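Below is the file model.txt, which contains compact mmCIF, C-alpha atoms.
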```
# COMPACT_ATOMS: atom_id res chain seq x y z
CA MET G 15 -120.82 -82.80 -97.48
CA ASN G 16 -119.03 -86.02 -98.41
CA ASN G 17 -115.46 -85.40 -99.62
CA ASN G 18 -116.12 -87.43 -102.76
CA GLU G 19 -119.22 -85.84 -104.19
CA LEU G 20 -120.58 -82.68 -105.74
CA PRO G 21 -124.14 -81.74 -104.75
CA PHE G 22 -127.07 -83.20 -106.67
CA GLY G 23 -128.30 -80.45 -109.00
CA THR G 24 -130.93 -81.90 -111.32
CA GLN G 25 -133.53 -79.25 -112.28
CA PHE G 26 -131.69 -76.64 -110.23
CA SER G 27 -129.50 -74.89 -112.78
CA PRO G 28 -129.86 -71.08 -113.09
CA ASN G 29 -131.16 -71.73 -116.60
CA ILE G 30 -134.26 -73.23 -114.98
CA VAL G 31 -134.50 -71.81 -111.47
CA ASP G 32 -134.27 -68.22 -110.28
CA LEU G 33 -132.41 -68.40 -106.98
CA ARG G 34 -134.20 -65.48 -105.35
CA THR G 35 -137.60 -66.93 -106.28
CA ALA G 36 -136.66 -70.36 -104.93
CA LEU G 37 -135.61 -68.82 -101.62
CA ARG G 38 -138.85 -66.85 -101.43
CA LEU G 39 -140.91 -70.01 -102.00
CA ILE G 40 -139.08 -71.81 -99.19
CA LYS G 41 -139.67 -68.85 -96.87
CA GLU G 42 -143.35 -68.50 -97.78
CA ASN G 43 -144.00 -72.21 -97.17
CA GLU G 44 -141.93 -72.54 -94.02
CA GLY G 45 -143.35 -75.29 -91.78
CA CYS G 46 -145.61 -76.73 -94.49
CA ASP G 47 -145.56 -80.26 -95.88
CA THR G 48 -142.96 -80.86 -98.59
CA ASN G 49 -145.70 -81.40 -101.19
CA VAL G 50 -146.76 -77.78 -100.75
CA LEU G 51 -143.28 -76.61 -101.75
CA ILE G 52 -143.20 -79.03 -104.69
CA ASN G 53 -146.51 -77.59 -105.96
CA ALA G 54 -145.13 -74.07 -105.61
CA LEU G 55 -141.98 -75.07 -107.55
CA VAL G 56 -144.16 -76.53 -110.32
CA ASP G 57 -146.10 -73.27 -110.61
CA ALA G 58 -142.93 -71.18 -110.61
CA PHE G 59 -140.63 -73.15 -112.90
CA PHE G 60 -142.17 -76.24 -114.53
CA LEU G 61 -145.60 -75.34 -115.94
CA MET G 62 -144.26 -75.37 -119.49
CA VAL G 63 -143.17 -79.02 -119.39
CA ALA G 64 -145.39 -82.07 -119.91
CA GLU G 65 -147.89 -82.37 -117.08
CA ASN G 66 -146.86 -85.91 -116.15
CA SER G 67 -143.25 -84.71 -115.65
CA GLN G 68 -143.94 -81.56 -113.66
CA ARG G 69 -143.97 -82.98 -110.13
CA ASN G 70 -141.03 -85.28 -110.80
CA MET G 71 -138.94 -82.34 -112.01
CA ALA G 72 -140.06 -80.18 -109.08
CA GLY G 73 -139.18 -83.04 -106.72
CA ASN G 74 -135.68 -83.16 -108.18
CA CYS G 75 -135.44 -79.40 -107.72
CA LYS G 76 -136.46 -79.76 -104.07
CA ASN G 77 -133.79 -82.45 -103.56
CA SER G 78 -131.23 -80.12 -105.13
CA LEU G 79 -132.23 -77.33 -102.75
CA VAL G 80 -131.41 -79.75 -99.93
CA ALA G 81 -128.10 -80.77 -101.55
CA TYR G 82 -127.07 -77.12 -101.96
CA GLU G 83 -127.90 -76.59 -98.27
CA LEU G 84 -130.74 -74.09 -98.76
CA LEU G 85 -133.48 -76.44 -97.50
CA LYS G 86 -133.10 -78.67 -94.45
CA PRO G 87 -133.34 -82.44 -95.08
CA GLY G 88 -136.17 -84.52 -93.65
CA GLY G 89 -139.91 -83.92 -93.73
CA GLY G 90 -141.47 -80.49 -94.04
CA VAL G 91 -140.22 -77.17 -95.39
CA ASN G 92 -137.48 -75.64 -93.23
CA MET G 93 -134.93 -73.15 -94.52
CA THR G 94 -131.31 -73.62 -93.45
CA ASP G 95 -129.35 -70.89 -91.68
CA PHE G 96 -127.43 -70.31 -94.88
CA GLY G 97 -130.70 -70.06 -96.80
CA ILE G 98 -131.87 -67.39 -94.36
CA GLU G 99 -128.58 -65.53 -94.86
CA LEU G 100 -129.09 -65.57 -98.63
CA GLN G 101 -132.79 -64.71 -98.48
CA ILE G 102 -132.23 -61.33 -96.82
CA ILE G 103 -129.58 -60.19 -99.35
CA LEU G 104 -131.09 -57.52 -101.61
CA ASP G 105 -128.30 -56.95 -104.13
CA ASP G 106 -128.11 -59.59 -106.89
CA ASP G 107 -124.32 -59.46 -107.25
CA HIS G 108 -123.91 -59.93 -103.50
CA LEU G 109 -126.42 -62.79 -103.60
CA TYR G 110 -124.55 -64.74 -106.28
CA ASP G 111 -121.14 -63.97 -104.77
CA THR G 112 -122.28 -65.34 -101.39
CA PHE G 113 -123.77 -68.44 -103.00
CA ALA G 114 -120.58 -69.03 -105.02
CA ARG G 115 -118.43 -68.65 -101.90
CA HIS G 116 -120.62 -71.25 -100.18
CA ILE G 117 -120.22 -73.63 -103.14
CA LEU G 118 -116.45 -73.19 -103.18
CA THR G 119 -116.01 -73.47 -99.43
CA ASN G 120 -118.58 -76.07 -98.37
CA LEU G 121 -119.69 -78.05 -101.43
CA ASN G 122 -116.38 -79.20 -102.98
CA GLY G 123 -116.38 -76.34 -105.46
CA LEU G 124 -112.62 -75.98 -105.07
CA VAL G 125 -112.21 -79.62 -106.13
CA LEU G 126 -114.06 -78.76 -109.34
CA ILE G 127 -111.76 -75.75 -109.83
CA ASP G 128 -108.70 -77.90 -109.19
CA CYS G 129 -109.86 -80.49 -111.75
CA ILE G 130 -110.29 -77.75 -114.36
CA ARG G 131 -106.74 -76.54 -113.66
CA ALA G 132 -105.38 -80.09 -113.92
CA LEU G 133 -107.06 -80.68 -117.29
CA ASN G 134 -105.71 -77.38 -118.60
CA ARG G 135 -102.18 -78.36 -117.52
CA GLN G 136 -102.52 -81.66 -119.35
CA GLY G 137 -103.80 -79.97 -122.51
CA ILE G 138 -107.13 -81.82 -122.30
CA LYS G 139 -110.27 -80.02 -123.45
CA VAL G 140 -112.47 -79.27 -120.46
CA THR G 141 -115.96 -80.71 -120.88
CA ASN G 142 -118.51 -82.14 -118.48
CA GLU G 143 -117.30 -85.62 -119.44
CA SER G 144 -113.58 -84.88 -118.96
CA ILE G 145 -114.34 -83.20 -115.63
CA ILE G 146 -116.23 -86.32 -114.50
CA ALA G 147 -113.25 -88.48 -115.49
CA ALA G 148 -110.93 -86.20 -113.48
CA LEU G 149 -113.27 -86.33 -110.47
CA ASN G 150 -113.46 -90.12 -110.64
CA GLU G 151 -109.67 -90.30 -110.53
CA ARG G 152 -109.95 -88.58 -107.14
CA GLY G 153 -112.36 -91.16 -105.74
CA PHE G 154 -115.69 -89.76 -106.97
CA ARG G 155 -118.07 -92.19 -108.65
CA TYR G 156 -120.07 -90.52 -111.41
CA ALA G 157 -121.49 -91.83 -114.66
CA LYS G 158 -120.32 -89.97 -117.76
CA THR G 159 -123.75 -88.37 -118.12
CA ALA G 160 -123.97 -86.97 -114.57
CA ASN G 161 -124.86 -83.28 -114.54
CA ASN G 162 -123.52 -82.37 -111.07
CA PRO G 163 -120.40 -80.58 -112.43
CA GLN G 164 -122.38 -78.78 -115.14
CA VAL G 165 -124.92 -77.36 -112.68
CA MET G 166 -122.19 -76.22 -110.30
CA LYS G 167 -120.37 -74.59 -113.22
CA LEU G 168 -123.48 -72.60 -114.14
CA TRP G 169 -123.89 -71.25 -110.59
CA LEU G 170 -120.22 -70.28 -110.43
CA GLU G 171 -120.68 -68.48 -113.74
CA LYS G 172 -123.30 -66.28 -112.07
CA ALA G 173 -120.53 -64.91 -109.85
CA ASN G 174 -118.04 -64.74 -112.78
CA VAL G 175 -115.78 -67.31 -111.12
CA LEU G 176 -116.09 -69.39 -114.29
CA VAL G 177 -116.59 -68.23 -117.86
CA GLY G 178 -117.63 -71.43 -119.53
CA TRP G 179 -115.02 -73.85 -118.25
CA ARG G 180 -112.38 -71.10 -117.96
CA ILE G 181 -111.39 -69.95 -114.46
CA ASN G 182 -111.47 -66.24 -113.67
CA GLU G 183 -108.58 -66.35 -111.21
CA ARG G 184 -109.02 -62.74 -110.09
CA ARG G 185 -112.67 -63.26 -109.12
CA LEU G 186 -111.85 -66.56 -107.45
CA SER G 187 -109.14 -64.95 -105.31
CA GLU G 188 -111.51 -62.11 -104.40
CA LEU G 189 -114.16 -64.53 -103.15
CA ILE G 190 -111.97 -66.88 -101.12
CA SER G 191 -109.08 -64.53 -100.23
CA ILE G 192 -106.34 -66.94 -101.29
CA SER G 193 -104.28 -67.14 -104.46
CA GLU G 194 -103.84 -70.02 -106.91
CA ASN G 195 -100.20 -70.39 -105.82
CA GLU G 196 -101.21 -70.64 -102.17
CA LEU G 197 -103.81 -73.30 -102.97
CA SER G 198 -101.24 -75.21 -105.01
CA LEU G 199 -98.87 -75.08 -102.04
CA LEU G 200 -101.50 -76.66 -99.78
CA LYS G 201 -101.82 -79.56 -102.23
CA THR G 202 -98.16 -80.46 -101.71
CA LEU G 203 -98.67 -81.40 -98.06
CA SER G 204 -97.90 -84.95 -97.01
CA LYS G 205 -100.47 -86.74 -94.86
CA GLU G 206 -98.40 -86.06 -91.75
CA GLN G 207 -98.10 -82.36 -92.57
CA TYR G 208 -101.82 -82.15 -93.39
CA TYR G 209 -102.99 -83.64 -90.10
CA TYR G 210 -100.47 -81.59 -88.16
CA VAL G 211 -101.81 -78.33 -89.64
CA LYS G 212 -105.36 -79.55 -89.06
CA ALA G 213 -104.60 -80.20 -85.39
CA MET G 214 -103.02 -76.74 -85.07
CA CYS G 215 -106.11 -75.12 -86.58
CA ASN G 216 -108.30 -76.96 -84.08
CA ILE G 217 -106.42 -75.32 -81.21
CA THR G 218 -107.61 -71.86 -82.40
CA THR G 219 -105.00 -69.71 -80.68
CA ASP G 220 -102.43 -67.18 -81.85
CA GLU G 221 -100.03 -68.13 -79.06
CA PHE G 222 -96.97 -70.33 -79.55
CA GLN G 223 -97.56 -74.01 -78.71
CA LYS G 224 -95.18 -76.86 -77.97
CA ALA G 225 -94.56 -78.64 -81.28
CA SER G 226 -94.41 -82.00 -79.52
CA ALA G 227 -97.73 -81.36 -77.77
CA VAL G 228 -99.43 -80.61 -81.11
CA ARG G 229 -97.87 -83.77 -82.53
CA GLU G 230 -99.36 -85.84 -79.72
CA LEU G 231 -102.75 -84.17 -80.24
CA ALA G 232 -102.71 -85.01 -83.95
CA LYS G 233 -101.58 -88.55 -83.15
CA SER G 234 -104.39 -89.16 -80.67
CA VAL G 235 -107.15 -87.48 -82.72
CA TYR G 236 -106.22 -88.68 -86.21
CA GLY G 237 -104.18 -91.81 -85.50
CA ILE G 238 -101.12 -90.55 -87.38
CA ASN G 239 -97.69 -91.95 -86.53
CA PHE G 240 -95.22 -89.11 -87.14
CA GLY G 241 -91.96 -90.79 -86.18
CA GLU G 242 -90.16 -88.71 -83.58
CA LYS G 243 -86.63 -88.91 -85.01
CA ALA G 244 -87.53 -87.44 -88.40
CA PHE G 245 -90.39 -85.26 -87.13
CA ALA G 246 -88.61 -81.93 -87.60
CA SER G 247 -87.23 -82.75 -91.07
CA ASN G 248 -90.44 -84.39 -92.36
CA VAL G 249 -93.07 -82.12 -90.81
CA LEU G 250 -91.90 -78.96 -89.06
CA ASN G 251 -89.23 -77.76 -91.48
CA PRO G 252 -91.35 -78.31 -94.65
CA LEU G 253 -94.33 -76.54 -93.05
CA GLU G 254 -92.12 -73.60 -92.12
CA LYS G 255 -90.67 -73.49 -95.63
CA LYS G 256 -94.18 -73.47 -97.10
CA GLY G 257 -95.10 -70.54 -94.91
CA LEU G 258 -97.76 -72.33 -92.87
CA ILE G 259 -96.11 -72.31 -89.44
CA GLU G 260 -93.67 -70.12 -87.56
CA LEU G 261 -90.98 -71.93 -85.57
CA ARG G 262 -89.31 -70.67 -82.42
CA LYS G 263 -86.49 -72.85 -81.11
CA VAL G 264 -86.45 -73.47 -77.37
CA THR G 265 -82.93 -73.03 -76.01
CA ALA G 266 -83.48 -73.26 -72.25
CA GLY G 267 -84.02 -76.29 -70.04
CA ARG G 268 -84.36 -79.88 -71.13
CA GLY G 269 -85.04 -80.74 -74.74
CA ALA G 270 -83.08 -77.83 -76.16
CA LYS G 271 -83.81 -79.10 -79.66
CA SER G 272 -87.58 -78.79 -79.28
CA HIS G 273 -89.63 -76.02 -80.87
CA ASP G 274 -92.57 -73.81 -80.16
CA ILE G 275 -94.85 -73.20 -83.11
CA ARG G 276 -97.79 -71.12 -84.24
CA LEU G 277 -99.73 -70.77 -87.47
CA THR G 278 -98.90 -68.05 -89.98
CA ASP G 279 -101.51 -65.68 -91.40
CA LEU G 280 -101.76 -67.90 -94.49
CA ALA G 281 -102.66 -70.99 -92.46
CA LYS G 282 -105.24 -69.02 -90.48
CA LYS G 283 -107.22 -67.98 -93.57
CA ASP G 284 -110.82 -69.18 -93.36
CA ILE G 285 -110.59 -71.14 -96.62
CA VAL G 286 -107.55 -73.25 -95.64
CA ILE G 287 -109.28 -75.96 -93.59
CA PRO G 288 -112.31 -76.27 -95.95
CA PHE G 289 -109.94 -76.63 -98.90
CA LEU G 290 -107.79 -79.21 -97.13
CA GLN G 291 -110.92 -81.17 -96.20
CA GLN G 292 -112.06 -81.12 -99.82
CA ILE G 293 -108.75 -82.53 -101.08
CA GLU G 294 -108.15 -84.84 -98.12
CA SER G 295 -108.57 -87.95 -100.28
CA VAL G 296 -105.65 -86.92 -102.52
CA ILE G 297 -103.34 -85.41 -99.86
CA GLY G 298 -100.10 -87.35 -100.07
CA ASN G 299 -101.14 -89.00 -103.35
CA ASP G 300 -97.93 -88.23 -105.19
CA VAL G 301 -98.89 -90.41 -108.16
CA LEU G 302 -101.97 -88.25 -108.81
CA GLN G 303 -99.87 -85.08 -108.62
CA GLN G 304 -97.46 -86.61 -111.13
CA TYR G 305 -100.32 -87.81 -113.35
CA GLN G 306 -101.59 -84.25 -113.76
CA LYS G 307 -98.41 -83.27 -115.60
CA PRO G 308 -98.20 -83.37 -119.42
CA LEU G 309 -96.60 -86.49 -120.92
CA LEU G 310 -93.39 -84.66 -121.85
CA GLU G 311 -92.87 -83.55 -118.23
CA ILE G 312 -93.56 -87.08 -117.01
CA ARG G 313 -90.98 -88.37 -119.49
CA LYS G 314 -88.35 -86.02 -118.01
CA ASP G 315 -89.17 -87.27 -114.53
CA ILE G 316 -88.82 -90.89 -115.66
CA ASP G 317 -85.17 -90.02 -116.36
CA SER G 318 -84.72 -88.31 -112.98
CA TYR G 319 -81.74 -89.23 -110.82
CA ASP G 320 -84.17 -89.44 -107.89
CA THR G 321 -85.43 -93.04 -107.81
CA TYR G 322 -88.59 -92.00 -105.94
CA VAL G 323 -89.48 -89.43 -108.62
CA LYS G 324 -88.68 -91.97 -111.35
CA GLY G 325 -91.03 -94.50 -109.79
CA LEU G 326 -93.91 -92.04 -109.42
CA ALA G 327 -93.47 -90.82 -112.98
CA LEU G 328 -93.53 -94.33 -114.43
CA GLU G 329 -96.71 -95.19 -112.51
CA ALA G 330 -98.33 -91.95 -113.72
CA PHE G 331 -97.26 -92.79 -117.27
CA ALA G 332 -98.88 -96.21 -116.93
CA ILE G 333 -102.18 -94.68 -115.79
CA LYS G 334 -102.16 -92.22 -118.69
CA ILE G 335 -101.53 -94.78 -121.41
CA MET G 336 -104.02 -97.30 -120.02
CA HIS G 337 -106.67 -94.57 -120.09
CA ILE G 338 -105.98 -94.17 -123.81
CA ILE G 339 -107.30 -97.67 -124.46
CA GLY G 340 -110.38 -97.09 -122.32
CA LEU G 341 -109.39 -98.75 -119.05
CA ASP G 342 -110.82 -97.48 -115.77
CA PHE G 343 -108.33 -96.86 -112.96
CA VAL G 344 -109.13 -98.91 -109.84
CA GLU G 345 -106.25 -98.55 -107.42
CA THR G 346 -102.56 -97.75 -107.20
CA ARG G 347 -100.00 -99.55 -105.03
CA LEU G 348 -102.46 -102.27 -104.09
CA LYS G 349 -101.07 -104.28 -101.21
CA GLY G 350 -102.72 -106.42 -98.57
CA THR G 351 -104.50 -109.70 -98.03
CA GLU G 352 -105.76 -109.70 -101.62
CA THR G 353 -102.17 -109.85 -102.86
CA ALA G 354 -100.68 -111.88 -99.99
CA GLY G 355 -98.57 -108.88 -99.02
CA ALA G 356 -97.05 -108.32 -102.49
CA GLU G 357 -97.53 -104.97 -104.22
CA VAL G 358 -99.16 -104.24 -107.56
CA ASP G 359 -98.35 -100.79 -108.95
CA VAL G 360 -101.67 -100.13 -110.72
CA LEU G 361 -104.90 -102.07 -111.21
CA PHE G 362 -107.43 -101.39 -113.99
CA GLU G 363 -110.80 -102.72 -115.10
CA SER G 364 -112.86 -102.40 -118.28
CA SER G 365 -116.16 -103.61 -119.64
CA LYS G 366 -115.18 -102.71 -123.22
CA LEU G 367 -112.09 -104.81 -123.84
CA LEU G 368 -111.78 -108.55 -124.24
CA TYR G 369 -109.51 -108.57 -121.19
CA SER G 370 -111.48 -106.96 -118.39
CA ARG G 371 -109.12 -106.85 -115.37
CA TRP G 372 -105.54 -105.69 -115.80
CA GLN G 373 -102.55 -105.50 -113.46
CA VAL G 374 -99.66 -103.18 -114.31
CA GLN G 375 -96.15 -103.39 -112.89
CA CYS G 376 -93.60 -100.62 -113.47
CA LYS G 377 -89.89 -101.45 -113.41
CA ASN G 378 -87.16 -98.80 -113.33
CA SER G 379 -84.49 -101.33 -114.22
CA SER G 380 -82.22 -102.05 -117.15
CA LYS G 381 -83.56 -105.59 -117.62
CA VAL G 382 -86.82 -107.43 -116.83
CA SER G 383 -85.97 -110.96 -115.71
CA VAL G 384 -87.86 -114.25 -115.45
CA ASP G 385 -88.29 -113.64 -111.72
CA HIS G 386 -90.08 -110.35 -112.40
CA VAL G 387 -92.55 -112.05 -114.73
CA ALA G 388 -93.05 -115.04 -112.43
CA LYS G 389 -93.98 -112.72 -109.55
CA GLU G 390 -96.68 -111.06 -111.66
CA VAL G 391 -98.03 -114.42 -112.81
CA GLY G 392 -98.34 -115.44 -109.16
CA LEU G 393 -100.30 -112.27 -108.39
CA HIS G 394 -102.54 -112.94 -111.40
CA HIS G 395 -103.90 -116.03 -109.63
CA LEU G 396 -104.74 -113.98 -106.54
CA LEU G 397 -106.22 -110.97 -108.34
CA LYS G 398 -107.94 -112.98 -111.10
CA THR G 399 -106.62 -110.61 -113.75
CA ASN G 400 -106.90 -111.26 -117.48
CA ALA G 401 -103.86 -109.27 -118.54
CA ILE G 402 -100.45 -108.35 -117.12
CA VAL G 403 -98.60 -105.27 -118.38
CA ILE G 404 -94.96 -104.82 -117.41
CA ILE G 405 -93.59 -101.38 -118.23
CA THR G 406 -89.84 -100.94 -118.02
CA THR G 407 -87.42 -98.13 -118.76
CA GLY G 408 -84.99 -100.82 -119.93
CA THR G 409 -85.48 -104.00 -121.95
CA VAL G 410 -86.97 -107.47 -121.46
CA SER G 411 -84.62 -110.45 -121.42
CA GLU G 412 -85.19 -113.22 -123.96
CA THR G 413 -85.62 -115.76 -121.18
CA ALA G 414 -88.34 -113.57 -119.64
CA ARG G 415 -90.14 -113.41 -123.00
CA ASP G 416 -89.84 -117.16 -123.48
CA TYR G 417 -91.29 -117.74 -120.01
CA ALA G 418 -94.17 -115.32 -120.72
CA ASN G 419 -94.94 -117.12 -123.98
CA SER G 420 -95.07 -120.49 -122.24
CA ILE G 421 -97.45 -119.11 -119.60
CA MET G 422 -99.76 -117.60 -122.23
CA LYS G 423 -99.94 -120.88 -124.11
CA SER G 424 -101.10 -122.73 -121.02
CA LEU G 425 -103.22 -120.09 -119.27
CA ASN G 426 -105.97 -117.75 -120.40
CA ILE G 427 -103.90 -114.65 -119.75
CA CYS G 428 -102.08 -112.05 -121.82
CA ILE G 429 -98.65 -110.69 -120.84
CA ILE G 430 -97.64 -107.40 -122.44
CA PHE G 431 -94.18 -105.79 -122.31
CA VAL G 432 -93.61 -102.06 -122.84
CA GLU G 433 -89.90 -101.28 -123.10
CA GLY G 434 -87.96 -98.01 -122.94
CA THR G 435 -88.10 -97.47 -126.70
CA ASP G 436 -91.87 -98.00 -126.58
CA ILE G 437 -92.16 -95.31 -123.89
CA ASP G 438 -90.48 -92.83 -126.25
CA ALA G 439 -92.78 -93.87 -129.10
CA ILE G 440 -95.86 -93.33 -126.95
CA ILE G 441 -94.60 -89.92 -125.80
CA SER G 442 -94.26 -88.91 -129.47
CA ASN G 443 -97.64 -90.37 -130.41
CA PRO G 444 -99.88 -91.61 -127.56
CA LEU G 445 -101.96 -93.71 -129.96
CA ALA G 446 -98.87 -95.84 -130.59
CA ILE G 447 -99.94 -97.75 -127.47
CA VAL G 448 -102.54 -99.61 -129.55
CA GLU G 449 -99.95 -100.73 -132.12
CA ILE G 450 -97.52 -101.75 -129.37
CA PHE G 451 -100.10 -103.83 -127.52
CA ASN G 452 -101.24 -105.61 -130.67
CA ARG G 453 -97.60 -106.22 -131.65
CA GLU G 454 -96.98 -107.87 -128.31
CA ALA G 455 -100.09 -109.99 -128.59
CA LEU G 456 -99.20 -111.26 -132.06
CA ALA G 457 -95.54 -111.86 -131.19
CA ALA G 458 -96.57 -114.12 -128.32
CA LYS G 459 -98.94 -116.06 -130.59
CA GLN G 460 -101.65 -115.75 -127.98
CA ILE G 461 -105.06 -117.24 -128.56
CA LYS G 462 -106.98 -113.95 -128.65
CA VAL G 463 -105.70 -110.76 -130.24
CA PHE G 464 -106.62 -107.45 -128.60
CA THR G 465 -109.66 -105.66 -129.94
CA PHE G 466 -109.96 -101.96 -129.19
CA HIS G 467 -113.29 -100.18 -129.33
```

The structure in this file should be written as structure tokens.
Amino acid sequence: MNNNELPFGTQFSPNIVDLRTALRLIKENEGCDTNVLINALVDAFFLMVAENSQRNMAGNCKNSLVAYELLKPGGGVNMTDFGIELQIILDDDHLYDTFARHILTNLNGLVLIDCIRALNRQGIKVTNESIIAALNERGFRYAKTANNPQVMKLWLEKANVLVGWRINERRLSELISISENELSLLKTLSKEQYYYVKAMCNITTDEFQKASAVRELAKSVYGINFGEKAFASNVLNPLEKKGLIELRKVTAGRGAKSHDIRLTDLAKKDIVIPFLQQIESVIGNDVLQQYQKPLLEIRKDIDSYDTYVKGLALEAFAIKIMHIIGLDFVETRLKGTETAGAEVDVLFESSKLLYSRWQVQCKNSSKVSVDHVAKEVGLHHLLKTNAIVIITTGTVSETARDYANSIMKSLNICIIFVEGTDIDAIISNPLAIVEIFNREALAAKQIKVFTFH
């Protein structure tokens, strides 16, 4: 399954379809034309709906059986190997446990679980709509009304993995044999660490291997440049600390500083590689990890002595507050031909606001200067943005404000400044962002004042 999708589930929720009956119908019509199965699904599940909707709903159900990997794709009725495995299970509890394990392991079910955890940490009510928003932040592309998460939730409820949108951690650990803490640890891997572990798992041996040989394998297979000088400190030592590899230093012969390595029992668990594949798109995405923290924790990190942590926290803060006014996150740290090599911290779009394309720059500095503003104005021409937001932990110089005002009078663009005191105001009351943005617009005497819907 694609890393950025949950299976299509229309007309396949357990409220509509009995799983055992659906499996029996596939088995009974094995080798027949697909229309035969659709007719059987109508008779079993859709006779009570309007006649002109019956076949359409049964067709959606058939497509969902394919998406959940019970029915093979293509023409005709052919049960998958997993479908056969399910079909011979007699005990209902075992049936739903096996199906839930399949969903979690193979159909991005652990991504859904991780999104629920993230929303809980942020204090956001978990609903189908908030789950879709969380999925879209990870690269999924769902409309707010999509029912993919809801259907998956209902099937996981059948195995007591979920109770509503609440996670039953004990049942989850029983099914996948790994704890929440261990899964959280896997999410902290950098891209280099991730591909190194993946290469080790591909070797499928319990014997010690040359660390450098595994590095070269990962480099050739996945195209990752590890950097030899910092390889031990950036990859090997963190993986050992996280309990994923065992290191044995080689003391004889040439290269006395080299290591032999092998996977630990944790890294060899069956769920590890499927989980890493499911979260591959966010591995190394430190901004997303920061974003999932509550605002108060982000605020503490903005004051960190670590400049890297400060930068991540400020970008995450920007994403959070721009979501409050209904903007859709597009990309973080955009850099390339579109920006002539310069970097934009965060890019947003919206169809609801007067200004539809926004660029955000975060500055961990005591003063925003004219040069800072001029750089963003230059990028505006390349990105065709309608609004520039500069967020700083410090203040904005008067000359920078004067320059911004002169630009706004001559160009159809809005430049918004959010200073350190504004950050504190937003932390205390997130809706203060609206007042701050309108204050900035009025102070600059721009042509169009912001309208929030």

Q: Tell me which protein, DNA and RNA residues are within 9 Å of region 122-128 of chain G, counting all atoms listed in the file, leaving out same-chain ones fewer than 3 positions away, and put them as a VMD selection string.
A: chain G and resid 15 to 21 114 to 119 131 to 133 145 149 163 166 to 167 170 176 181 198 288 to 289 291 to 293

Q: Take the point (-98.7, -71.9, -84.7) as written in the file and pick out every residue within 6 Å of it, counting all atoms listed in the file; give the list as a ChimeraX atom specification.
A: /G:222,259,275-277

Restricting it to C-alpha atoms, dump the selection as a short mmCIF file (atom, residue, chain, number, x, y, z; two decimals), in the frame of the given file.
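As a result, part_15.cif now contains:
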```
data_model
loop_
_atom_site.label_atom_id
_atom_site.label_comp_id
_atom_site.auth_asym_id
_atom_site.auth_seq_id
_atom_site.Cartn_x
_atom_site.Cartn_y
_atom_site.Cartn_z
CA PHE G 222 -96.97 -70.33 -79.55
CA ILE G 259 -96.11 -72.31 -89.44
CA ILE G 275 -94.85 -73.20 -83.11
CA ARG G 276 -97.79 -71.12 -84.24
CA LEU G 277 -99.73 -70.77 -87.47
#
```

Q. Using only C-alpha atoms, which of the listed residues (G:Glu454, G:Glu294, G:Glu221, G:Glu206) sits closest to Gly237 (chain G)?
A. G:Glu206

Q. Between CA of Leu397 (chain G) and CA of Pro444 (chain G), what is the distance, to one decimal in Å?
A.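 Spanning CA of Leu397 (chain G) to CA of Pro444 (chain G) is a straight-line distance of 28.0 Å.
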
Q: Identify, on the basis of only C-alpha atoms, every residue whose closest approach to region 331-336 of chain G does not exceed 9 Å; exclude the query and any residue fewer than 3 positions from it along the same chain; express the result as a PyMOL selection string.
A: chain G and resi 304-305+309+312-313+316+326-328+339-343+360+362+374-376+405+437+440+444-445+447

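From CA of Ser191 (chain G) back to CA of Leu85 (chain G), the distance works out to 27.3 Å.
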
Q: Could you jot down the CA of Lys41 (chain G) to CA of Phe60 (chain G) separation for me, Å, one decimal place?
A: 19.3 Å
